[in-house]
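Shown here: entry11.cif, mmCIF, C-alpha atoms and all ligand atoms.
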data_target
loop_
_atom_site.label_atom_id
_atom_site.label_comp_id
_atom_site.auth_asym_id
_atom_site.auth_seq_id
_atom_site.Cartn_x
_atom_site.Cartn_y
_atom_site.Cartn_z
CA MET A 1 -17.70 -16.14 25.49
CA ALA A 2 -19.38 -13.35 23.52
CA GLN A 3 -17.54 -12.14 20.43
CA SER A 4 -17.90 -8.94 18.42
CA VAL A 5 -20.60 -9.14 15.73
CA LYS A 6 -19.41 -10.45 12.34
CA GLY A 7 -17.96 -7.65 10.24
CA THR A 8 -17.42 -5.34 13.24
CA ARG A 9 -14.28 -5.00 15.31
CA ASP A 10 -12.81 -3.34 18.38
CA LEU A 11 -10.27 -0.62 17.83
CA PHE A 12 -7.44 -0.17 20.32
CA GLY A 13 -3.65 -0.08 20.60
CA SER A 14 -1.53 0.72 17.58
CA GLU A 15 -4.40 0.39 15.06
CA LEU A 16 -6.33 3.06 16.96
CA ASP A 17 -3.15 5.17 17.18
CA TRP A 18 -3.24 5.33 13.37
CA PHE A 19 -6.95 6.20 13.32
CA GLN A 20 -6.28 9.11 15.69
CA ARG A 21 -3.20 10.28 13.85
CA ILE A 22 -5.05 10.34 10.53
CA GLU A 23 -8.04 12.07 12.12
CA ASP A 24 -5.72 14.76 13.57
CA THR A 25 -4.03 15.27 10.20
CA VAL A 26 -7.34 15.45 8.38
CA ARG A 27 -8.91 17.91 10.83
CA ARG A 28 -5.91 20.24 10.46
CA ALA A 29 -6.07 19.97 6.66
CA PHE A 30 -9.85 20.60 6.56
CA HIS A 31 -9.67 23.57 8.95
CA ARG A 32 -6.93 25.14 6.83
CA HIS A 33 -9.40 25.08 3.91
CA GLY A 34 -12.26 26.56 5.96
CA TYR A 35 -14.31 23.36 6.45
CA SER A 36 -16.23 22.85 9.71
CA GLU A 37 -17.34 19.58 11.24
CA ILE A 38 -20.90 18.27 11.23
CA ARG A 39 -22.06 15.31 13.33
CA THR A 40 -25.30 13.71 12.25
CA PRO A 41 -27.08 10.71 13.80
CA ILE A 42 -26.21 7.15 12.82
CA LEU A 43 -29.95 6.41 12.54
CA GLU A 44 -31.91 8.10 9.76
CA GLU A 45 -35.36 7.48 8.34
CA ILE A 46 -34.91 4.91 5.59
CA GLU A 47 -36.33 7.29 2.98
CA VAL A 48 -33.25 9.50 3.32
CA PHE A 49 -31.16 6.75 1.70
CA LYS A 50 -33.79 5.38 -0.66
CA ARG A 51 -34.33 8.81 -2.17
CA SER A 52 -30.61 9.63 -2.49
CA VAL A 53 -28.33 6.62 -2.79
CA GLY A 54 -31.12 5.02 -4.83
CA GLU A 55 -33.30 1.92 -4.57
CA SER A 56 -31.46 0.21 -7.43
CA SER A 57 -28.04 0.59 -5.79
CA ASP A 58 -26.51 -2.43 -4.06
CA ILE A 59 -26.13 -0.32 -0.93
CA VAL A 60 -29.88 0.19 -0.53
CA HIS A 61 -31.02 -2.95 -2.34
CA LYS A 62 -28.82 -5.48 -0.51
CA GLU A 63 -26.67 -3.97 2.19
CA MET A 64 -28.72 -1.77 4.44
CA TYR A 65 -29.11 -2.36 8.17
CA ASP A 66 -32.74 -1.27 8.43
CA PHE A 67 -35.46 -2.14 10.89
CA LEU A 68 -38.70 -0.97 12.48
CA ASP A 69 -38.00 0.70 15.82
CA LYS A 70 -40.27 0.26 18.82
CA GLY A 71 -42.44 3.13 17.54
CA LYS A 72 -42.76 1.29 14.18
CA ARG A 73 -40.63 3.88 12.36
CA HIS A 74 -38.67 2.39 9.49
CA VAL A 75 -35.07 3.48 10.18
CA ALA A 76 -31.64 2.57 8.82
CA MET A 77 -28.15 2.71 10.23
CA ARG A 78 -26.43 5.05 7.80
CA PRO A 79 -24.56 3.24 5.01
CA GLU A 80 -22.94 6.55 4.02
CA ASN A 81 -23.22 10.12 5.19
CA THR A 82 -23.76 12.41 2.20
CA ALA A 83 -27.52 11.90 2.42
CA GLY A 84 -27.52 12.54 6.20
CA VAL A 85 -25.48 15.73 5.81
CA VAL A 86 -27.85 16.96 3.09
CA ARG A 87 -30.87 16.12 5.26
CA ALA A 88 -29.30 18.05 8.17
CA ALA A 89 -28.32 21.02 5.98
CA ILE A 90 -31.93 21.33 4.76
CA GLN A 91 -33.44 20.81 8.21
CA HIS A 92 -31.26 23.53 9.80
CA GLN A 93 -31.46 25.91 6.82
CA LEU A 94 -27.70 25.89 6.34
CA LEU A 95 -28.31 26.45 2.63
CA ALA A 96 -30.58 29.47 3.01
CA THR A 97 -28.01 31.86 1.54
CA SER A 98 -25.91 31.43 -1.57
CA ASP A 99 -22.69 31.40 0.49
CA PRO A 100 -20.60 28.26 0.21
CA GLN A 101 -21.03 25.74 3.07
CA LEU A 102 -17.98 23.56 3.60
CA LEU A 103 -18.63 20.61 5.91
CA TYR A 104 -16.76 17.49 6.96
CA TYR A 105 -17.48 14.42 9.08
CA ILE A 106 -15.66 11.48 10.59
CA GLY A 107 -17.69 8.52 11.77
CA PRO A 108 -18.87 4.92 11.46
CA MET A 109 -21.03 3.67 8.58
CA PHE A 110 -22.83 0.32 8.26
CA ARG A 111 -23.23 -1.95 5.24
CA TYR A 112 -24.22 -5.60 5.31
CA GLU A 113 -21.49 -6.61 2.88
CA ARG A 114 -20.07 -9.97 1.95
CA MET A 115 -16.96 -10.42 4.07
CA GLN A 116 -13.68 -9.88 2.27
CA ALA A 117 -10.30 -8.35 3.02
CA GLY A 118 -10.59 -4.66 3.91
CA ARG A 119 -14.41 -4.68 3.86
CA TYR A 120 -16.29 -4.42 7.12
CA ARG A 121 -19.93 -4.17 8.10
CA GLN A 122 -19.10 -1.33 10.44
CA PHE A 123 -16.44 0.82 8.86
CA TRP A 124 -15.29 4.40 9.20
CA GLN A 125 -15.41 7.23 6.74
CA ILE A 126 -13.92 10.67 6.61
CA GLY A 127 -15.87 12.87 4.23
CA ALA A 128 -15.91 16.42 2.90
CA GLU A 129 -18.98 18.01 1.33
CA SER A 130 -19.17 21.48 -0.20
CA PHE A 131 -22.46 23.19 -1.04
CA GLN A 132 -23.33 26.19 -3.20
CA VAL A 133 -20.23 25.57 -5.30
CA SER A 134 -20.67 24.61 -8.92
CA THR A 135 -17.42 25.40 -10.72
CA PRO A 136 -14.71 22.97 -11.82
CA GLU A 137 -12.36 25.28 -9.86
CA SER A 138 -14.20 24.43 -6.62
CA GLU A 139 -13.85 20.73 -7.40
CA ALA A 140 -10.13 21.23 -8.00
CA GLU A 141 -9.82 23.02 -4.65
CA SER A 142 -11.46 20.09 -2.85
CA LEU A 143 -9.30 17.57 -4.73
CA VAL A 144 -6.12 19.50 -3.89
CA MET A 145 -7.08 19.36 -0.19
CA LEU A 146 -7.60 15.63 -0.53
CA TYR A 147 -4.45 14.96 -2.52
CA ASP A 148 -2.19 17.04 -0.26
CA PHE A 149 -3.59 15.38 2.84
CA LEU A 150 -2.91 11.91 1.40
CA ARG A 151 0.63 13.03 0.50
CA GLU A 152 1.08 14.33 4.05
CA LEU A 153 0.33 10.77 5.22
CA GLY A 154 3.18 9.52 3.05
CA LEU A 155 1.17 8.12 0.12
CA SER A 156 2.87 8.86 -3.16
CA GLN A 157 1.44 6.47 -5.79
CA LEU A 158 -1.92 8.16 -6.26
CA THR A 159 -4.03 8.62 -9.37
CA PHE A 160 -7.45 10.22 -9.76
CA SER A 161 -9.76 8.14 -11.91
CA ILE A 162 -12.39 10.51 -13.31
CA ASN A 163 -15.49 10.52 -15.45
CA SER A 164 -18.46 12.72 -16.14
CA VAL A 165 -21.86 11.09 -15.64
CA GLY A 166 -23.62 14.14 -17.08
CA THR A 167 -26.95 15.55 -15.97
CA PRO A 168 -30.33 13.82 -15.70
CA GLU A 169 -31.30 15.66 -18.92
CA CYS A 170 -28.60 14.07 -21.04
CA ARG A 171 -29.06 10.59 -19.65
CA PRO A 172 -32.19 9.41 -21.52
CA ALA A 173 -30.32 9.52 -24.86
CA PHE A 174 -27.44 7.60 -23.32
CA HIS A 175 -29.80 5.07 -21.72
CA GLU A 176 -31.45 4.45 -25.06
CA ALA A 177 -28.13 3.87 -26.85
CA PHE A 178 -26.85 1.77 -23.98
CA ARG A 179 -30.00 -0.41 -23.80
CA ALA A 180 -29.75 -1.00 -27.54
CA PHE A 181 -26.12 -2.07 -27.08
CA PHE A 182 -27.12 -4.33 -24.15
CA ARG A 183 -29.78 -6.07 -26.23
CA THR A 184 -27.17 -7.13 -28.79
CA ARG A 185 -25.43 -9.29 -26.17
CA GLU A 186 -27.94 -9.75 -23.35
CA ALA A 187 -27.07 -13.40 -22.73
CA GLU A 188 -23.56 -12.46 -21.66
CA PHE A 189 -24.75 -10.31 -18.75
CA CYS A 190 -25.55 -11.56 -15.24
CA GLU A 191 -29.03 -11.68 -13.73
CA ASP A 192 -28.39 -8.54 -11.65
CA CYS A 193 -27.47 -6.62 -14.82
CA HIS A 194 -30.78 -7.65 -16.38
CA ARG A 195 -32.50 -5.98 -13.43
CA ARG A 196 -30.13 -3.00 -13.59
CA ILE A 197 -30.69 -2.33 -17.30
CA GLU A 198 -34.38 -1.81 -16.47
CA GLU A 199 -33.97 0.15 -13.23
CA ASN A 200 -30.81 2.18 -13.88
CA PRO A 201 -28.61 1.25 -16.87
CA LEU A 202 -25.59 3.10 -15.43
CA ARG A 203 -25.36 0.42 -12.73
CA VAL A 204 -24.45 -2.14 -15.43
CA LEU A 205 -21.18 -0.29 -16.04
CA ASP A 206 -20.38 -0.73 -12.36
CA CYS A 207 -20.98 -4.52 -12.22
CA LYS A 208 -18.11 -6.36 -10.54
CA ASN A 209 -18.70 -9.55 -12.53
CA ALA A 210 -15.74 -10.16 -14.90
CA ARG A 211 -18.02 -11.62 -17.62
CA CYS A 212 -20.18 -8.50 -17.61
CA GLN A 213 -17.10 -6.29 -17.76
CA ALA A 214 -15.91 -8.27 -20.82
CA ALA A 215 -19.36 -8.02 -22.44
CA LEU A 216 -19.18 -4.23 -22.06
CA GLU A 217 -16.35 -4.00 -24.58
CA GLY A 218 -17.19 -1.22 -27.08
CA HIS A 219 -20.16 0.15 -25.08
CA PRO A 220 -21.45 3.69 -25.76
CA VAL A 221 -19.69 6.15 -23.45
CA LEU A 222 -21.41 8.85 -21.43
CA VAL A 223 -19.02 11.60 -22.39
CA ASP A 224 -20.33 11.37 -25.99
CA PHE A 225 -23.83 12.25 -24.72
CA LEU A 226 -22.93 15.27 -22.57
CA ASP A 227 -24.59 18.64 -23.10
CA PRO A 228 -22.15 21.42 -24.06
CA ALA A 229 -21.99 22.91 -20.52
CA SER A 230 -21.19 19.53 -18.91
CA LEU A 231 -18.60 18.83 -21.58
CA GLU A 232 -16.95 22.20 -20.95
CA HIS A 233 -17.06 21.55 -17.17
CA HIS A 234 -15.29 18.23 -17.70
CA ARG A 235 -12.69 19.75 -20.03
CA ARG A 236 -11.93 22.60 -17.61
CA LEU A 237 -11.50 20.23 -14.64
CA LYS A 238 -8.99 18.16 -16.61
CA GLU A 239 -7.19 21.33 -17.65
CA ILE A 240 -6.86 22.47 -14.02
CA LEU A 241 -5.73 19.05 -12.76
CA THR A 242 -3.08 18.98 -15.48
CA ALA A 243 -1.88 22.49 -14.61
CA LEU A 244 -1.65 21.59 -10.90
CA GLY A 245 0.18 18.33 -11.57
CA LEU A 246 -2.52 16.10 -10.01
CA PRO A 247 -2.22 12.76 -11.81
CA PHE A 248 -5.49 11.53 -13.33
CA GLU A 249 -6.83 9.10 -15.88
CA GLU A 250 -10.23 9.03 -17.54
CA ASN A 251 -12.41 6.01 -16.90
CA PRO A 252 -15.62 5.96 -19.00
CA ARG A 253 -17.02 3.09 -16.86
CA LEU A 254 -16.68 4.95 -13.58
CA VAL A 255 -20.24 5.63 -12.43
CA ARG A 256 -19.93 4.77 -8.70
CA GLY A 257 -22.40 2.76 -6.67
CA LEU A 258 -24.66 5.63 -5.67
CA ASP A 259 -27.38 7.25 -7.78
CA TYR A 260 -26.94 10.90 -6.89
CA TYR A 261 -23.95 11.90 -9.01
CA THR A 262 -24.13 14.53 -11.76
CA ARG A 263 -21.20 15.53 -13.97
CA THR A 264 -17.92 14.77 -12.16
CA ALA A 265 -17.51 11.33 -10.56
CA PHE A 266 -14.12 10.20 -9.34
CA GLU A 267 -12.11 7.74 -7.28
CA VAL A 268 -8.54 7.82 -6.03
CA LEU A 269 -6.49 4.77 -6.87
CA SER A 270 -3.33 3.91 -5.00
CA THR A 271 -0.57 1.52 -5.97
CA ASP A 272 1.33 2.20 -2.75
CA LEU A 273 0.88 -1.47 -1.84
CA GLY A 274 1.47 -2.94 -5.29
CA ALA A 275 -1.92 -3.95 -6.66
CA GLN A 276 -4.08 -0.97 -7.57
CA SER A 277 -6.99 -0.33 -5.21
CA ALA A 278 -9.61 2.39 -4.79
CA LEU A 279 -9.07 4.32 -1.58
CA LEU A 280 -12.03 6.62 -1.82
CA GLY A 281 -14.64 8.11 -4.07
CA GLY A 282 -16.93 11.02 -4.62
CA GLY A 283 -18.28 13.50 -7.08
CA ARG A 284 -20.77 16.23 -7.84
CA TYR A 285 -24.41 15.84 -6.80
CA ASP A 286 -26.26 18.96 -7.92
CA GLY A 287 -29.73 17.38 -7.74
CA LEU A 288 -29.61 15.79 -4.31
CA VAL A 289 -30.56 18.72 -2.06
CA LYS A 290 -33.70 19.34 -4.10
CA GLN A 291 -34.47 15.63 -4.25
CA LEU A 292 -34.46 15.53 -0.44
CA GLY A 293 -36.81 18.51 -0.18
CA GLY A 294 -34.42 21.48 -0.16
CA PRO A 295 -33.63 24.23 -2.66
CA GLN A 296 -31.69 23.72 -5.89
CA VAL A 297 -28.08 23.71 -4.65
CA ALA A 298 -24.87 22.66 -6.35
CA ALA A 299 -22.75 20.27 -4.29
CA PHE A 300 -19.56 18.25 -4.46
CA GLY A 301 -17.86 15.85 -2.04
CA TRP A 302 -16.01 12.64 -1.33
CA SER A 303 -15.39 10.11 1.43
CA ILE A 304 -12.41 8.00 2.32
CA GLY A 305 -12.62 4.60 3.96
CA LEU A 306 -10.57 5.15 7.08
CA ASP A 307 -10.11 1.44 7.78
CA ARG A 308 -8.46 1.00 4.40
CA LEU A 309 -6.24 4.01 4.93
CA VAL A 310 -5.12 2.68 8.33
CA THR A 311 -4.23 -0.71 6.83
CA LEU A 312 -2.19 1.10 4.22
CA MET A 313 -0.41 3.17 6.89
CA GLN A 314 0.37 0.04 8.93
CA GLN A 315 1.78 -1.76 5.93
CA LEU A 316 3.80 1.23 4.76
CA HIS A 317 5.04 2.62 8.07
CA GLY A 318 4.45 -0.11 10.72
CA LYS A 319 3.26 1.13 14.10
CA ALA A 320 2.22 4.75 14.47
CA PRO A 321 5.09 6.59 16.12
CA ARG A 322 4.14 7.01 19.77
CA GLN A 323 6.31 8.09 22.68
CA ALA A 324 5.28 6.38 25.92
CA PRO A 325 5.37 8.80 28.89
CA PRO A 326 7.78 8.55 31.85
CA VAL A 327 6.52 6.70 34.95
CA LEU A 328 6.60 8.16 38.43
CA ILE A 329 7.06 5.42 41.04
CA PRO A 330 6.52 6.44 44.67
CA LEU A 331 7.61 4.02 47.42
CA GLY A 332 5.56 4.22 50.63
CA PRO A 333 2.53 6.28 51.75
CA ALA A 334 4.32 9.63 52.29
CA ALA A 335 6.07 9.47 48.91
CA THR A 336 2.79 8.49 47.23
CA LEU A 337 1.03 11.55 48.62
CA LYS A 338 3.86 13.78 47.43
CA ALA A 339 3.90 12.01 44.03
CA LEU A 340 0.16 12.61 43.57
CA SER A 341 0.57 16.33 44.12
CA LEU A 342 3.73 16.52 41.96
CA ALA A 343 2.12 14.64 39.11
CA ARG A 344 -0.92 16.90 39.35
CA THR A 345 1.30 19.96 38.84
CA TRP A 346 3.01 18.32 35.86
CA TRP A 347 -0.27 17.23 34.27
CA ALA A 348 -1.60 20.78 34.70
CA ALA A 349 1.53 21.99 32.90
CA GLY A 350 0.63 19.74 29.97
CA LEU A 351 3.24 17.03 30.61
CA ASP A 352 2.56 13.32 30.10
CA VAL A 353 3.39 11.19 33.14
CA ILE A 354 2.04 7.82 34.27
CA LEU A 355 1.68 7.51 38.04
CA GLU A 356 2.31 4.08 39.57
CA THR A 357 -0.47 3.77 42.17
CA ARG A 358 -0.53 0.06 42.96
CA GLY A 359 1.93 0.24 45.89
CA VAL A 360 3.91 -2.68 44.42
CA LYS A 361 7.62 -3.36 44.97
CA LEU A 362 10.07 -1.29 42.91
CA LYS A 363 11.12 -4.34 40.86
CA ASN A 364 7.53 -5.02 39.78
CA ALA A 365 6.90 -1.37 39.01
CA LEU A 366 10.05 -1.23 36.82
CA THR A 367 9.02 -4.40 34.95
CA THR A 368 5.66 -2.79 34.13
CA ALA A 369 7.30 0.49 33.11
CA ASN A 370 9.62 -1.44 30.77
CA ARG A 371 6.68 -3.33 29.26
CA GLN A 372 4.87 -0.04 28.66
CA GLY A 373 7.94 1.26 26.83
CA ALA A 374 8.47 4.12 29.30
CA PRO A 375 11.71 5.98 28.58
CA LEU A 376 12.27 7.04 32.21
CA ALA A 377 11.29 5.84 35.66
CA LEU A 378 11.22 8.60 38.30
CA ILE A 379 11.65 6.86 41.65
CA LEU A 380 10.57 8.66 44.81
CA GLY A 381 11.37 6.86 48.10
CA ASP A 382 11.50 8.28 51.64
CA GLY A 383 15.24 9.00 51.24
CA GLU A 384 14.69 11.06 48.05
CA LEU A 385 11.74 12.80 49.65
CA GLU A 386 13.91 13.92 52.58
CA GLN A 387 16.60 15.29 50.25
CA GLY A 388 14.11 16.91 47.86
CA VAL A 389 15.28 14.83 44.89
CA VAL A 390 14.08 12.00 42.65
CA ALA A 391 16.12 9.06 41.31
CA VAL A 392 15.77 8.96 37.52
CA LYS A 393 16.41 5.69 35.73
CA ASP A 394 16.89 5.75 31.95
CA LEU A 395 15.17 2.45 31.11
CA ALA A 396 16.76 2.04 27.67
CA ALA A 397 20.34 2.85 28.75
CA GLY A 398 20.06 1.33 32.24
CA THR A 399 21.78 4.41 33.75
CA GLN A 400 20.58 6.37 36.77
CA GLU A 401 20.99 9.96 37.98
CA THR A 402 19.47 12.24 40.60
CA TRP A 403 17.36 15.30 39.80
CA ALA A 404 16.34 18.00 42.28
CA LEU A 405 12.54 17.85 42.62
CA ASP A 406 12.14 21.51 41.71
CA THR A 407 13.89 20.94 38.36
CA VAL A 408 11.89 17.90 37.22
CA GLN A 409 9.09 19.77 35.47
CA GLU A 410 11.50 21.81 33.39
CA ARG A 411 13.64 18.78 32.52
CA LEU A 412 10.62 16.74 31.43
CA ALA A 413 9.40 19.65 29.30
CA ASP A 414 12.88 19.96 27.72
CA ARG A 415 13.01 16.25 26.92
CA ARG A 416 9.62 16.46 25.24
CA GLY A 417 10.99 19.30 23.11
P1 LIG B 501 -18.57 5.05 -1.41
O1 LIG B 501 -17.72 4.83 -2.59
O2 LIG B 501 -19.75 4.18 -1.25
O3 LIG B 501 -18.98 6.58 -1.41
O4 LIG B 501 -17.66 4.92 -0.12
C1 LIG B 501 -16.49 5.69 0.03
C2 LIG B 501 -15.37 4.85 0.58
O5 LIG B 501 -15.78 4.18 1.78
C3 LIG B 501 -14.91 3.71 -0.32
O6 LIG B 501 -14.03 4.15 -1.31
C4 LIG B 501 -14.21 2.80 0.66
O7 LIG B 501 -12.89 3.27 0.94
C5 LIG B 501 -15.03 2.98 1.92
N1 LIG B 501 -15.92 1.83 2.14
C6 LIG B 501 -17.12 1.61 1.56
N2 LIG B 501 -17.65 0.43 2.01
C7 LIG B 501 -16.74 -0.08 2.87
C8 LIG B 501 -16.70 -1.27 3.68
N3 LIG B 501 -17.68 -2.15 3.69
N4 LIG B 501 -15.60 -1.47 4.46
C9 LIG B 501 -14.58 -0.58 4.47
N5 LIG B 501 -14.57 0.55 3.75
C10 LIG B 501 -15.64 0.81 2.96
C11 LIG B 501 -19.76 7.19 -0.47
O8 LIG B 501 -20.05 6.69 0.59
C12 LIG B 501 -20.18 8.60 -0.82
N6 LIG B 501 -20.95 9.15 0.31
C13 LIG B 501 -18.98 9.44 -1.17
C14 LIG B 501 -19.35 10.87 -1.43
C15 LIG B 501 -19.29 11.89 -0.58
N7 LIG B 501 -19.82 11.33 -2.58
C16 LIG B 501 -20.07 12.62 -2.46
N8 LIG B 501 -19.77 12.99 -1.23
#

Once you've parsed the file, please lay out its structure as structure tokens.
Ligand code: HAM
Amino acid sequence: MAQSVKGTRDLFGSELDWFQRIEDTVRRAFHRHGYSEIRTPILEEIEVFKRSVGESSDIVHKEMYDFLDKGKRHVAMRPENTAGVVRAAIQHQLLATSDPQLLYYIGPMFRYERMQAGRYRQFWQIGAESFQVSTPESEAESLVMLYDFLRELGLSQLTFSINSVGTPECRPAFHEAFRAFFRTREAEFCEDCHRRIEENPLRVLDCKNARCQAALEGHPVLVDFLDPASLEHHRRLKEILTALGLPFEENPRLVRGLDYYTRTAFEVLSTDLGAQSALLGGGRYDGLVKQLGGPQVAAFGWSIGLDRLVTLMQQLHGKAPRQAPPVLIPLGPAATLKALSLARTWWAAGLDVILETRGVKLKNALTTANRQGAPLALILGDGELEQGVVAVKDLAAGTQETWALDTVQERLADRRG
């Protein structure tokens, strides 16, 4: 029997209920802040990711699903969507004016990762990207949207972990100091870090290897190499976060696994499930639009792993609250015809009703309705049809009453509230 591909999974039932609930909450939150949705293709030319996420990043170096298509184009299934959104914004001239562009997306991403808890090869991200905004105030606005949305989902143990990775201009001095530091203890670093120190020294700070993290003790920190404007930007962001009561801590090793960040880089850590884990990440990427062939445009954004958020919701709140609809059970051909037209009126009025169409015995139909968690069974036999009524069984209480057919719609609407 065929199985889903390793690292991918089918979404249905109560897990999907959570996905949809979170998506609804997030869409409402984003629309309140003036963001509009953008949907870009899953397939992009590989260069889009090489030139943005960076060739030295693990994502491009090790984890990309890329292949030659039948027309011999080298394409990749998107491992993230910031690069795709930037590509689309340039292609459609969304950045032609200096007005802010606020965009969001929800969709699947693909990374060929080593399998571990909470990591998938097809996973889902919700992301927000804002263009033509360069101030720390605009970052704070985006972070408030994010924080308040996570609070709306019931998460309370949240901390922003922030850093400034500076601008490309202030990095050479840092690289030099950092390479000199690295040389004093090279033997303690892993093979990957030896490659990273050549290609992109910042990646060394991000190494997951515990020995490398220990060897980093006392390393030069980026914040000491910032130009005055970047330093002021960083200071102002911290000042605003403090004033707004958004909890944050500074992490001088936070550089993130993607090459495009400038100045602010951040993650959100949650201890809602005990051990601290990163829920999401993002930052400023003022050079990326130009790097991908567009104008010089300031930009800031973040993405949340939806799969991780759903796991958190399931563990914190159990199943997503969902009210199963009542079931209408007609008995016999005449009642079924009437039931079809009644249900059609109710559906048109926006009511949820499941219609039993199998023509099975009442006992079977009630067993199914119970299994589906229906609160009510509306039973329509020839007798009820003649009298213009329906027998209504409360499946939880086991009680039964009779409703006049012309009152059912109103009563169902009242029950729904
Ligand atoms: P990222 O940190 O690579 O950033 O991914 C963001 C989030 O996606 C992670 O924090 C995690 O929750 C989730 N995620 C990543 N890989 C997996 C996986 N294999 N399985 C499950 N969840 C995963 C970005 O992708 C940037 N585009 C963020 C950004 C937007 N920066 C600026 N704008």

Surroundings of ligand LIG 501 (chain B) up to 7 Å, based on all atoms listed in the file, as a ChimeraX atom specification: /A:80-82,111,113,118-125,127-129,256-258,278-285,300-308

Polymer residues at most 7 Å from Asn163 in chain A, all atoms listed in the file, same-chain spacing of 5 or more positions, as a PyMOL selection string: chain A and resi 250-252+254+264-266

Written file, previous selection with C-alpha atoms, as a tab-separated table (two decimals), keeping the file's coordinate frame:
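result-v8.tsv, freshly written:
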chain	number	residue	atom	x	y	z
A	250	GLU	CA	-10.23	9.03	-17.54
A	251	ASN	CA	-12.41	6.01	-16.90
A	252	PRO	CA	-15.62	5.96	-19.00
A	254	LEU	CA	-16.68	4.95	-13.58
A	264	THR	CA	-17.92	14.77	-12.16
A	265	ALA	CA	-17.51	11.33	-10.56
A	266	PHE	CA	-14.12	10.20	-9.34

Between CA of Ala2 in chain A and CA of Met115 in chain A - distance in Å to one decimal: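 Pair CA of Met115 in chain A / CA of Ala2 in chain A returns 19.8 Å.
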
For Ala369 in chain A: contacts at 10 Å, all atoms listed in the file, fewer than 5 positions along chain excluded, given as JSON, numbers by chain: {"A": [324, 325, 326, 327, 328, 329, 354, 356, 363, 364, 374, 375, 376, 377, 395]}

Would you tabulate, counting all atoms listed in the file, all residues of range 161-190 of chain A that have an atom at most 7 Å from an atom of range 211-218 of chain A, showing the closest pair of atoms and their distance in Å to one decimal, sorted by chain then ascending number, as a tab-separated table?
residue	atom	partner	partner_atom	distance
A:Glu188	CA	A:Ala215	CA	6.2
A:Phe189	CA	A:Cys212	CA	5.0
A:Cys190	CA	A:Cys212	CA	6.6

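Each of A:Leu226, A:Ala365, A:Leu246, A:Ala180 was compared to Glu141 in chain A using only C-alpha atoms, and A:Leu246 turns out to be the nearest.
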
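Nearest residue to Ile42 in chain A, choosing from A:Arg203, A:Lys72, A:His219, A:Arg78 and counting all atoms listed in the file: A:Arg78.
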
Val390 in chain A environment, 6 Å, all atoms listed in the file, sequence neighbours closer than 4 positions dropped, as a ChimeraX atom specification: /A:379-380,384,402-403

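Closest approach to Gln372 in chain A among A:Ala335, A:Cys193, A:Gly13, A:Leu351 is made by A:Gly13 (distances from all atoms listed in the file).
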
Selection: 8 Å around range 27-29 of chain A, all atoms listed in the file, excl. self and same-chain fewer than 3 positions, as JSON, numbers by chain: {"A": [23, 24, 32, 33, 145, 149]}

Could you write those residues out with C-alpha atoms, as a PDB file, keeping the file's coordinate frame?
ATOM      1  CA  GLU A  23      -8.040  12.070  12.120  1.00  0.00           C
ATOM      2  CA  ASP A  24      -5.720  14.760  13.570  1.00  0.00           C
ATOM      3  CA  ARG A  32      -6.930  25.140   6.830  1.00  0.00           C
ATOM      4  CA  HIS A  33      -9.400  25.080   3.910  1.00  0.00           C
ATOM      5  CA  MET A 145      -7.080  19.360  -0.190  1.00  0.00           C
ATOM      6  CA  PHE A 149      -3.590  15.380   2.840  1.00  0.00           C
TER       7      PHE A 149
END

Residue nearest Asp224 in chain A among A:Leu244, A:Met64, A:Val165, A:Leu269 (counting all atoms listed in the file): A:Val165

One-decimal distance in Å that lies between CA of Ala299 in chain A and CA of Gln132 in chain A: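 These two atoms are separated by 6.0 Å.
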
Residue nearest His234 in chain A among A:Ala343, A:Ala320, A:Leu412, A:Leu222 (counting all atoms listed in the file): A:Leu222

Distance in Å - CA of Phe110 in chain A versus CA of Phe49 in chain A: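 About the pair CA of Phe110 in chain A and CA of Phe49 in chain A: they are 12.4 Å apart.
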
From A:Gln315, A:Gln93, A:Ser142, A:Thr357, residue lying nearest Pro330 in chain A [all atoms listed in the file]: A:Thr357

Surrounding residues of Asp17 in chain A excluding itself and chain neighbours under 3 positions, 12 Å, all atoms listed in the file, as an MDAnalysis selection string: chainID A and resid 11:14 20:24 310:311 313:314 318:323

Could you please take those selected residues and save C-alpha atoms as a tab-separated table (two decimals), in the frame of the given file?
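Saved file again.tsv follows:
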chain	number	residue	atom	x	y	z
A	11	LEU	CA	-10.27	-0.62	17.83
A	12	PHE	CA	-7.44	-0.17	20.32
A	13	GLY	CA	-3.65	-0.08	20.60
A	14	SER	CA	-1.53	0.72	17.58
A	20	GLN	CA	-6.28	9.11	15.69
A	21	ARG	CA	-3.20	10.28	13.85
A	22	ILE	CA	-5.05	10.34	10.53
A	23	GLU	CA	-8.04	12.07	12.12
A	24	ASP	CA	-5.72	14.76	13.57
A	310	VAL	CA	-5.12	2.68	8.33
A	311	THR	CA	-4.23	-0.71	6.83
A	313	MET	CA	-0.41	3.17	6.89
A	314	GLN	CA	0.37	0.04	8.93
A	318	GLY	CA	4.45	-0.11	10.72
A	319	LYS	CA	3.26	1.13	14.10
A	320	ALA	CA	2.22	4.75	14.47
A	321	PRO	CA	5.09	6.59	16.12
A	322	ARG	CA	4.14	7.01	19.77
A	323	GLN	CA	6.31	8.09	22.68

Point (-24.1, 11.8, 13.3), cut-off 12 Å, counting all atoms listed in the file, residues as a PyMOL selection string: chain A and resi 37-44+77-85+87-88+104-109+125
